[in-house]
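Chemist: Right, I'll just put the structure down here and ask away after.
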Amino acid sequence: TQLLEQSPQFLSIQEGENLTVYCNSSSVFSSLQWYRQEPGEGPVLLVTVVTGGEVKKLKRLTFQFGDARKDSSLHITAAQPGDTGLYLCAGRGTGTASKLTFGTGTRLQVTL
Amino acid sequence: KAGVTQTPRYLIKTRGQQVTLSCSPISGHRSVSWYQQTPGQGLQFLFEYFSETQRNKGNFPGRFSGRQFSNSRSEMNVSTLELGDSALYLCASSSGGTGLFYEQYFGPGTRLTVT
């Protein structure tokens, strides 16, 4: 069974601070995705990374896929209240039509 | 393009009853996946249907079943409800490709409460 552990579980910071969320596993993934979920809504895809060592930037968000494709991180620069939500990583196993395994989630709250 | 719709949005059932949830994917999408989300277990994969066939299955008991119709709409059924089945049930739609940049789009979910 593939497991994805996220840390920290909860994060409460003030506007303008930087933060990093980690997603770790002992399994290798063919690709890894990050989602954000807001209350009452389904998760929304932020990014997909597929190459070991890959770094992708989405405005103030920077995503990195580990060299061994077992872990990933999400870094937010100068957090804003609009960044508040549940952040989920999700890995796709090797092999065709592999299902997505979601991480345990990181709940982020950004206050003024 | 309209998003993924799920009905009903909220549901209260009694232990032992059965329930059917519905999901309409984005037009043109052929794959529908179902997930259960709870505070304790997080988001867990139930099953995926592609072109009316179950393509993938998670580790849930046989009380959880699903089907997909020719128009790609999908239903999920849970029989003999237990208190632990209380959860947010999410449906996700995708084109069905199996490439690395596989993208799925989630609906708002159905909040099921079992009393």
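Ordering of the structure tokens sets the chain letters (A, B, ...), residue numbers begin anew at 1 in every chain, and ligands are numbered from 1 in the order given.
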Identify every residue of chain A that has at least one atom within 8 Å of any atom of chain B, counting only C-alpha atoms, and report the result as a ChimeraX atom specification.

Modeler: /A:30-31,40-45,48,50,96-105

Chemist: Would you export the selected residues with all heavy atoms as a compact mmCIF listing (two decimals), in the first residue's frame, please?

Modeler:
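Listed below is the output, result_5.txt:
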```
# COMPACT_ATOMS: atom_id res chain seq x y z
N SER A 30 5.03 7.87 -10.37
CA SER A 30 5.28 8.31 -11.74
C SER A 30 4.98 9.79 -11.89
O SER A 30 5.56 10.47 -12.74
CB SER A 30 4.43 7.50 -12.72
OG SER A 30 3.07 7.67 -12.43
N SER A 31 4.07 10.30 -11.10
CA SER A 31 3.78 11.72 -11.10
C SER A 31 3.19 12.09 -9.75
O SER A 31 2.69 11.23 -9.02
CB SER A 31 2.80 12.10 -12.21
OG SER A 31 1.54 11.49 -11.99
N GLY A 40 -16.52 23.08 1.78
CA GLY A 40 -17.72 22.92 0.95
C GLY A 40 -17.45 22.69 -0.51
O GLY A 40 -18.39 22.65 -1.32
N GLU A 41 -16.19 22.52 -0.88
CA GLU A 41 -15.84 22.33 -2.28
C GLU A 41 -14.97 21.09 -2.44
O GLU A 41 -14.38 20.60 -1.48
CB GLU A 41 -15.09 23.55 -2.82
CG GLU A 41 -15.86 24.86 -2.75
CD GLU A 41 -17.07 24.86 -3.65
OE1 GLU A 41 -17.04 24.17 -4.69
OE2 GLU A 41 -18.06 25.55 -3.33
N GLY A 42 -14.86 20.63 -3.69
CA GLY A 42 -13.93 19.55 -3.96
C GLY A 42 -12.53 20.10 -4.17
O GLY A 42 -12.35 21.30 -4.37
N PRO A 43 -11.51 19.24 -4.12
CA PRO A 43 -10.13 19.69 -4.36
C PRO A 43 -9.97 20.25 -5.77
O PRO A 43 -10.59 19.76 -6.72
CB PRO A 43 -9.31 18.41 -4.19
CG PRO A 43 -10.17 17.49 -3.39
CD PRO A 43 -11.57 17.81 -3.80
N VAL A 44 -9.09 21.24 -5.89
CA VAL A 44 -8.79 21.84 -7.19
C VAL A 44 -7.31 21.62 -7.48
O VAL A 44 -6.46 21.91 -6.64
CB VAL A 44 -9.11 23.35 -7.19
CG1 VAL A 44 -8.65 23.99 -8.51
CG2 VAL A 44 -10.60 23.59 -6.98
N LEU A 45 -7.03 21.09 -8.66
CA LEU A 45 -5.65 20.79 -9.04
C LEU A 45 -4.83 22.07 -9.20
O LEU A 45 -5.25 23.01 -9.88
CB LEU A 45 -5.64 20.01 -10.36
CG LEU A 45 -4.25 19.65 -10.91
CD1 LEU A 45 -3.54 18.68 -9.98
CD2 LEU A 45 -4.39 19.05 -12.30
N THR A 48 1.01 19.51 -11.58
CA THR A 48 1.46 18.13 -11.73
C THR A 48 2.96 18.16 -12.00
O THR A 48 3.41 18.91 -12.87
CB THR A 48 0.76 17.44 -12.91
OG1 THR A 48 -0.65 17.45 -12.69
CG2 THR A 48 1.23 16.00 -13.05
N VAL A 50 6.35 15.57 -12.83
CA VAL A 50 6.57 14.21 -13.31
C VAL A 50 8.03 13.80 -13.34
O VAL A 50 8.34 12.61 -13.40
CB VAL A 50 5.97 14.01 -14.72
CG1 VAL A 50 4.48 14.30 -14.71
CG2 VAL A 50 6.67 14.88 -15.75
N THR A 96 0.24 1.54 -15.95
CA THR A 96 -0.86 2.24 -16.61
C THR A 96 -2.11 2.25 -15.75
O THR A 96 -2.33 1.33 -14.97
CB THR A 96 -1.19 1.58 -17.96
OG1 THR A 96 -1.52 0.20 -17.71
CG2 THR A 96 -0.02 1.67 -18.91
N ALA A 97 -2.87 3.27 -15.88
CA ALA A 97 -4.15 3.41 -15.18
C ALA A 97 -4.01 3.25 -13.67
O ALA A 97 -4.93 2.79 -13.01
CB ALA A 97 -5.16 2.40 -15.71
N SER A 98 -2.85 3.61 -13.13
CA SER A 98 -2.68 3.53 -11.68
C SER A 98 -3.55 4.57 -10.99
O SER A 98 -3.70 5.67 -11.47
CB SER A 98 -1.22 3.75 -11.30
OG SER A 98 -0.42 2.70 -11.77
N LYS A 99 -4.07 4.19 -9.86
CA LYS A 99 -4.95 5.10 -9.15
C LYS A 99 -4.12 6.13 -8.39
O LYS A 99 -2.94 5.96 -8.12
CB LYS A 99 -5.83 4.33 -8.19
CG LYS A 99 -5.06 3.59 -7.12
CD LYS A 99 -5.95 2.67 -6.32
CE LYS A 99 -5.17 1.97 -5.24
NZ LYS A 99 -5.93 0.94 -4.54
N LEU A 100 -4.79 7.23 -8.03
CA LEU A 100 -4.17 8.29 -7.24
C LEU A 100 -4.25 7.95 -5.76
O LEU A 100 -5.30 7.52 -5.28
CB LEU A 100 -4.89 9.61 -7.47
CG LEU A 100 -4.42 10.55 -8.57
CD1 LEU A 100 -5.25 11.81 -8.56
CD2 LEU A 100 -2.95 10.89 -8.41
N THR A 101 -3.15 8.16 -5.06
CA THR A 101 -3.14 8.03 -3.60
C THR A 101 -2.95 9.41 -3.02
O THR A 101 -1.97 10.09 -3.34
CB THR A 101 -1.99 7.11 -3.13
OG1 THR A 101 -2.17 5.82 -3.68
CG2 THR A 101 -1.98 7.02 -1.61
N PHE A 102 -3.88 9.83 -2.17
CA PHE A 102 -3.82 11.17 -1.59
C PHE A 102 -3.07 11.18 -0.28
O PHE A 102 -3.09 10.20 0.48
CB PHE A 102 -5.23 11.73 -1.38
CG PHE A 102 -5.81 12.34 -2.61
CD1 PHE A 102 -6.41 11.55 -3.57
CD2 PHE A 102 -5.73 13.71 -2.83
CE1 PHE A 102 -6.93 12.11 -4.74
CE2 PHE A 102 -6.25 14.27 -3.99
CZ PHE A 102 -6.84 13.47 -4.94
N GLY A 103 -2.40 12.29 -0.01
CA GLY A 103 -1.71 12.49 1.24
C GLY A 103 -2.69 12.81 2.36
O GLY A 103 -3.89 12.98 2.14
N THR A 104 -2.14 12.90 3.55
CA THR A 104 -2.95 13.11 4.76
C THR A 104 -3.47 14.53 4.89
O THR A 104 -4.36 14.79 5.67
CB THR A 104 -2.12 12.75 6.00
OG1 THR A 104 -0.84 13.38 5.89
CG2 THR A 104 -1.92 11.24 6.09
N GLY A 105 -2.91 15.46 4.13
CA GLY A 105 -3.42 16.83 4.09
C GLY A 105 -2.73 17.77 5.07
O GLY A 105 -2.29 17.38 6.14
```

Chemist: Please, what distance in Å, to one decimal, runs between CA of Tyr22 (chain A) and CA of Thr38 (chain B)?

Modeler: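 Between these atoms lies a distance of 20.9 Å.
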
Chemist: Please give the complete set of residues from region 18-63 of chain A that DSSP, run on the backbone, assigns to strand (DSSP E or B), formatted as an MDAnalysis selection string.

Modeler: chainID A and resid 19:24 31:37 44:49 55:58 61:63

Chemist: Can you pull out the residues contacting region 11-18 of chain B? Cut-off 10 Å, using only C-alpha atoms, and skip same-chain residues under 2 positions away; I want them as an mmCIF file with all heavy atoms, in the first residue's frame.

Modeler:
```cif
data_model
loop_
_atom_site.group_PDB
_atom_site.id
_atom_site.type_symbol
_atom_site.label_atom_id
_atom_site.label_comp_id
_atom_site.auth_asym_id
_atom_site.auth_seq_id
_atom_site.Cartn_x
_atom_site.Cartn_y
_atom_site.Cartn_z
ATOM 1 N N THR B 7 -25.323 15.057 -6.945
ATOM 2 C CA THR B 7 -26.602 15.173 -6.246
ATOM 3 C C THR B 7 -26.851 13.936 -5.406
ATOM 4 O O THR B 7 -26.434 12.824 -5.771
ATOM 5 C CB THR B 7 -27.771 15.330 -7.252
ATOM 6 O OG1 THR B 7 -27.756 14.221 -8.156
ATOM 7 C CG2 THR B 7 -27.666 16.641 -8.008
ATOM 8 N N PRO B 8 -27.495 14.094 -4.244
ATOM 9 C CA PRO B 8 -27.784 15.390 -3.622
ATOM 10 C C PRO B 8 -26.527 15.967 -2.981
ATOM 11 O O PRO B 8 -25.501 15.299 -2.923
ATOM 12 C CB PRO B 8 -28.829 15.021 -2.575
ATOM 13 C CG PRO B 8 -28.442 13.633 -2.171
ATOM 14 C CD PRO B 8 -27.934 12.963 -3.412
ATOM 15 N N ARG B 9 -26.569 17.180 -2.498
ATOM 16 C CA ARG B 9 -25.416 17.773 -1.812
ATOM 17 C C ARG B 9 -25.337 17.323 -0.365
ATOM 18 O O ARG B 9 -24.249 17.181 0.196
ATOM 19 C CB ARG B 9 -25.491 19.300 -1.859
ATOM 20 C CG ARG B 9 -25.280 19.906 -3.223
ATOM 21 C CD ARG B 9 -23.844 19.688 -3.744
ATOM 22 N NE ARG B 9 -22.834 20.094 -2.791
ATOM 23 C CZ ARG B 9 -22.375 21.331 -2.664
ATOM 24 N NH1 ARG B 9 -22.846 22.287 -3.435
ATOM 25 N NH2 ARG B 9 -21.430 21.618 -1.773
ATOM 26 N N THR B 20 -28.001 5.986 -2.645
ATOM 27 C CA THR B 20 -27.442 6.122 -3.992
ATOM 28 C C THR B 20 -27.073 7.573 -4.234
ATOM 29 O O THR B 20 -27.891 8.469 -4.021
ATOM 30 C CB THR B 20 -28.460 5.662 -5.058
ATOM 31 O OG1 THR B 20 -28.766 4.288 -4.850
ATOM 32 C CG2 THR B 20 -27.872 5.838 -6.457
ATOM 33 N N LEU B 21 -25.826 7.792 -4.649
ATOM 34 C CA LEU B 21 -25.343 9.128 -4.961
ATOM 35 C C LEU B 21 -25.089 9.220 -6.458
ATOM 36 O O LEU B 21 -24.695 8.236 -7.087
ATOM 37 C CB LEU B 21 -24.027 9.405 -4.213
ATOM 38 C CG LEU B 21 -23.992 9.076 -2.717
ATOM 39 C CD1 LEU B 21 -22.640 9.453 -2.133
ATOM 40 C CD2 LEU B 21 -25.119 9.776 -1.985
ATOM 41 N N ARG B 63 -20.025 -3.545 0.206
ATOM 42 C CA ARG B 63 -21.226 -2.719 0.393
ATOM 43 C C ARG B 63 -21.181 -1.466 -0.491
ATOM 44 O O ARG B 63 -22.205 -0.847 -0.757
ATOM 45 C CB ARG B 63 -21.346 -2.271 1.859
ATOM 46 C CG ARG B 63 -21.469 -3.388 2.862
ATOM 47 C CD ARG B 63 -21.730 -2.842 4.259
ATOM 48 N NE ARG B 63 -20.631 -2.026 4.770
ATOM 49 C CZ ARG B 63 -20.691 -0.692 4.897
ATOM 50 N NH1 ARG B 63 -21.790 -0.040 4.547
ATOM 51 N NH2 ARG B 63 -19.665 -0.023 5.391
ATOM 52 N N PHE B 64 -19.987 -1.126 -0.913
ATOM 53 C CA PHE B 64 -19.800 0.045 -1.779
ATOM 54 C C PHE B 64 -19.734 -0.439 -3.227
ATOM 55 O O PHE B 64 -18.886 -1.264 -3.576
ATOM 56 C CB PHE B 64 -18.503 0.777 -1.420
ATOM 57 C CG PHE B 64 -18.530 1.430 -0.073
ATOM 58 C CD1 PHE B 64 -18.275 0.698 1.072
ATOM 59 C CD2 PHE B 64 -18.812 2.784 0.039
ATOM 60 C CE1 PHE B 64 -18.307 1.301 2.330
ATOM 61 C CE2 PHE B 64 -18.839 3.401 1.287
ATOM 62 C CZ PHE B 64 -18.588 2.659 2.432
ATOM 63 N N ASN B 77 -23.459 3.418 -4.881
ATOM 64 C CA ASN B 77 -24.441 2.877 -3.944
ATOM 65 C C ASN B 77 -23.733 2.328 -2.708
ATOM 66 O O ASN B 77 -22.677 1.679 -2.821
ATOM 67 C CB ASN B 77 -25.247 1.776 -4.631
ATOM 68 C CG ASN B 77 -26.345 1.241 -3.734
ATOM 69 O OD1 ASN B 77 -26.118 0.347 -2.926
ATOM 70 N ND2 ASN B 77 -27.530 1.808 -3.853
ATOM 71 N N VAL B 78 -24.291 2.634 -1.565
ATOM 72 C CA VAL B 78 -23.778 2.038 -0.326
ATOM 73 C C VAL B 78 -24.949 1.329 0.343
ATOM 74 O O VAL B 78 -25.978 1.957 0.628
ATOM 75 C CB VAL B 78 -23.191 3.087 0.645
ATOM 76 C CG1 VAL B 78 -22.515 2.379 1.823
ATOM 77 C CG2 VAL B 78 -22.211 4.001 -0.061
ATOM 78 N N SER B 79 -24.801 0.044 0.569
ATOM 79 C CA SER B 79 -25.879 -0.725 1.204
ATOM 80 C C SER B 79 -25.568 -0.924 2.684
ATOM 81 O O SER B 79 -24.418 -0.783 3.115
ATOM 82 C CB SER B 79 -26.033 -2.082 0.515
ATOM 83 O OG SER B 79 -24.841 -2.830 0.673
ATOM 84 N N THR B 80 -26.583 -1.236 3.444
ATOM 85 C CA THR B 80 -26.455 -1.500 4.879
ATOM 86 C C THR B 80 -25.524 -0.472 5.537
ATOM 87 O O THR B 80 -24.435 -0.791 6.046
ATOM 88 C CB THR B 80 -25.899 -2.927 5.118
ATOM 89 O OG1 THR B 80 -26.504 -3.846 4.210
ATOM 90 C CG2 THR B 80 -26.203 -3.370 6.542
ATOM 91 N N LEU B 81 -25.955 0.755 5.529
ATOM 92 C CA LEU B 81 -25.137 1.858 6.027
ATOM 93 C C LEU B 81 -24.707 1.657 7.475
ATOM 94 O O LEU B 81 -25.481 1.163 8.321
ATOM 95 C CB LEU B 81 -25.902 3.169 5.905
ATOM 96 C CG LEU B 81 -25.979 3.760 4.498
ATOM 97 C CD1 LEU B 81 -27.048 4.839 4.436
ATOM 98 C CD2 LEU B 81 -24.626 4.295 4.073
ATOM 99 N N GLU B 82 -23.457 2.062 7.735
ATOM 100 C CA GLU B 82 -22.909 2.036 9.087
ATOM 101 C C GLU B 82 -22.567 3.473 9.486
ATOM 102 O O GLU B 82 -22.390 4.340 8.624
ATOM 103 C CB GLU B 82 -21.648 1.163 9.125
ATOM 104 C CG GLU B 82 -21.881 -0.269 8.715
ATOM 105 C CD GLU B 82 -20.599 -1.096 8.686
ATOM 106 O OE1 GLU B 82 -19.518 -0.525 8.978
ATOM 107 O OE2 GLU B 82 -20.686 -2.304 8.362
ATOM 108 N N LEU B 83 -22.456 3.698 10.802
ATOM 109 C CA LEU B 83 -22.144 5.038 11.274
ATOM 110 C C LEU B 83 -20.836 5.554 10.660
ATOM 111 O O LEU B 83 -20.701 6.734 10.337
ATOM 112 C CB LEU B 83 -22.036 5.053 12.799
ATOM 113 C CG LEU B 83 -23.316 4.734 13.571
ATOM 114 C CD1 LEU B 83 -23.061 4.741 15.068
ATOM 115 C CD2 LEU B 83 -24.427 5.730 13.225
ATOM 116 N N GLY B 84 -19.881 4.650 10.467
ATOM 117 C CA GLY B 84 -18.580 5.017 9.917
ATOM 118 C C GLY B 84 -18.600 5.411 8.456
ATOM 119 O O GLY B 84 -17.579 5.857 7.924
ATOM 120 N N ASP B 85 -19.758 5.251 7.820
ATOM 121 C CA ASP B 85 -19.877 5.652 6.414
ATOM 122 C C ASP B 85 -20.156 7.147 6.285
ATOM 123 O O ASP B 85 -20.171 7.680 5.168
ATOM 124 C CB ASP B 85 -20.995 4.864 5.722
ATOM 125 C CG ASP B 85 -20.710 3.368 5.667
ATOM 126 O OD1 ASP B 85 -19.517 2.987 5.679
ATOM 127 O OD2 ASP B 85 -21.678 2.588 5.637
ATOM 128 N N SER B 86 -20.382 7.804 7.403
ATOM 129 C CA SER B 86 -20.587 9.256 7.370
ATOM 130 C C SER B 86 -19.329 9.912 6.819
ATOM 131 O O SER B 86 -18.230 9.722 7.355
ATOM 132 C CB SER B 86 -20.872 9.787 8.776
ATOM 133 O OG SER B 86 -22.096 9.295 9.249
ATOM 134 N N THR B 110 -20.975 15.093 -1.947
ATOM 135 C CA THR B 110 -22.231 14.825 -1.231
ATOM 136 C C THR B 110 -21.862 14.534 0.212
ATOM 137 O O THR B 110 -21.067 13.633 0.482
ATOM 138 C CB THR B 110 -22.979 13.621 -1.824
ATOM 139 O OG1 THR B 110 -23.424 13.921 -3.140
ATOM 140 C CG2 THR B 110 -24.176 13.257 -0.952
ATOM 141 N N ARG B 111 -22.424 15.315 1.111
ATOM 142 C CA ARG B 111 -22.169 15.110 2.544
ATOM 143 C C ARG B 111 -23.197 14.123 3.065
ATOM 144 O O ARG B 111 -24.380 14.428 3.137
ATOM 145 C CB ARG B 111 -22.272 16.439 3.290
ATOM 146 C CG ARG B 111 -22.217 16.319 4.805
ATOM 147 C CD ARG B 111 -20.838 16.048 5.324
ATOM 148 N NE ARG B 111 -19.906 17.118 5.007
ATOM 149 C CZ ARG B 111 -18.599 17.029 5.255
ATOM 150 N NH1 ARG B 111 -18.089 15.947 5.790
ATOM 151 N NH2 ARG B 111 -17.811 18.038 4.946
ATOM 152 N N LEU B 112 -22.755 12.914 3.416
ATOM 153 C CA LEU B 112 -23.642 11.866 3.934
ATOM 154 C C LEU B 112 -23.466 11.751 5.439
ATOM 155 O O LEU B 112 -22.345 11.601 5.938
ATOM 156 C CB LEU B 112 -23.319 10.520 3.276
ATOM 157 C CG LEU B 112 -24.022 9.289 3.861
ATOM 158 C CD1 LEU B 112 -25.537 9.373 3.638
ATOM 159 C CD2 LEU B 112 -23.475 7.997 3.251
ATOM 160 N N THR B 113 -24.565 11.823 6.141
ATOM 161 C CA THR B 113 -24.557 11.621 7.590
ATOM 162 C C THR B 113 -25.411 10.410 7.900
ATOM 163 O O THR B 113 -26.576 10.339 7.478
ATOM 164 C CB THR B 113 -25.121 12.842 8.329
ATOM 165 O OG1 THR B 113 -24.330 13.998 7.992
ATOM 166 C CG2 THR B 113 -25.077 12.630 9.837
ATOM 167 N N VAL B 114 -24.826 9.451 8.618
ATOM 168 C CA VAL B 114 -25.555 8.242 9.010
ATOM 169 C C VAL B 114 -25.817 8.308 10.516
ATOM 170 O O VAL B 114 -24.888 8.495 11.312
ATOM 171 C CB VAL B 114 -24.753 6.969 8.676
ATOM 172 C CG1 VAL B 114 -25.555 5.729 9.057
ATOM 173 C CG2 VAL B 114 -24.396 6.939 7.199
ATOM 174 N N THR B 115 -27.092 8.202 10.887
ATOM 175 C CA THR B 115 -27.446 8.299 12.313
ATOM 176 C C THR B 115 -27.967 6.965 12.854
ATOM 177 O O THR B 115 -28.305 6.067 12.071
ATOM 178 C CB THR B 115 -28.522 9.364 12.531
ATOM 179 O OG1 THR B 115 -29.684 8.976 11.795
ATOM 180 C CG2 THR B 115 -28.059 10.724 12.035
#
```

Chemist: Using only C-alpha atoms, pick whichever of B:Ser24, B:Ser65, B:Asn59, B:Gln36 has the shortest atom-to-atom distance to Thr5 (chain B).

Modeler: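 Looking at the shortest contact to Thr5 (chain B), the residue is B:Ser24.
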
Chemist: For Gly93 (chain A), which residue among A:Pro8, A:Lys56, A:Phe63, A:Arg69 is the nearest when counting only C-alpha atoms?

Modeler: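 Result for the nearest residue to Gly93 (chain A): A:Arg69.
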
Chemist: CA of Gly3 (chain B) and CA of Ser72 (chain B) are how many Å apart?

Modeler: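 Spanning CA of Gly3 (chain B) to CA of Ser72 (chain B) is a straight-line distance of 13.8 Å.
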
Chemist: Within 6 Å of Cys23 (chain B), counting only C-alpha atoms, which residues qualify if same-chain residues fewer than 4 places away don't, as an NGL selection string?

Modeler: :B and (5-6 or 73-74)
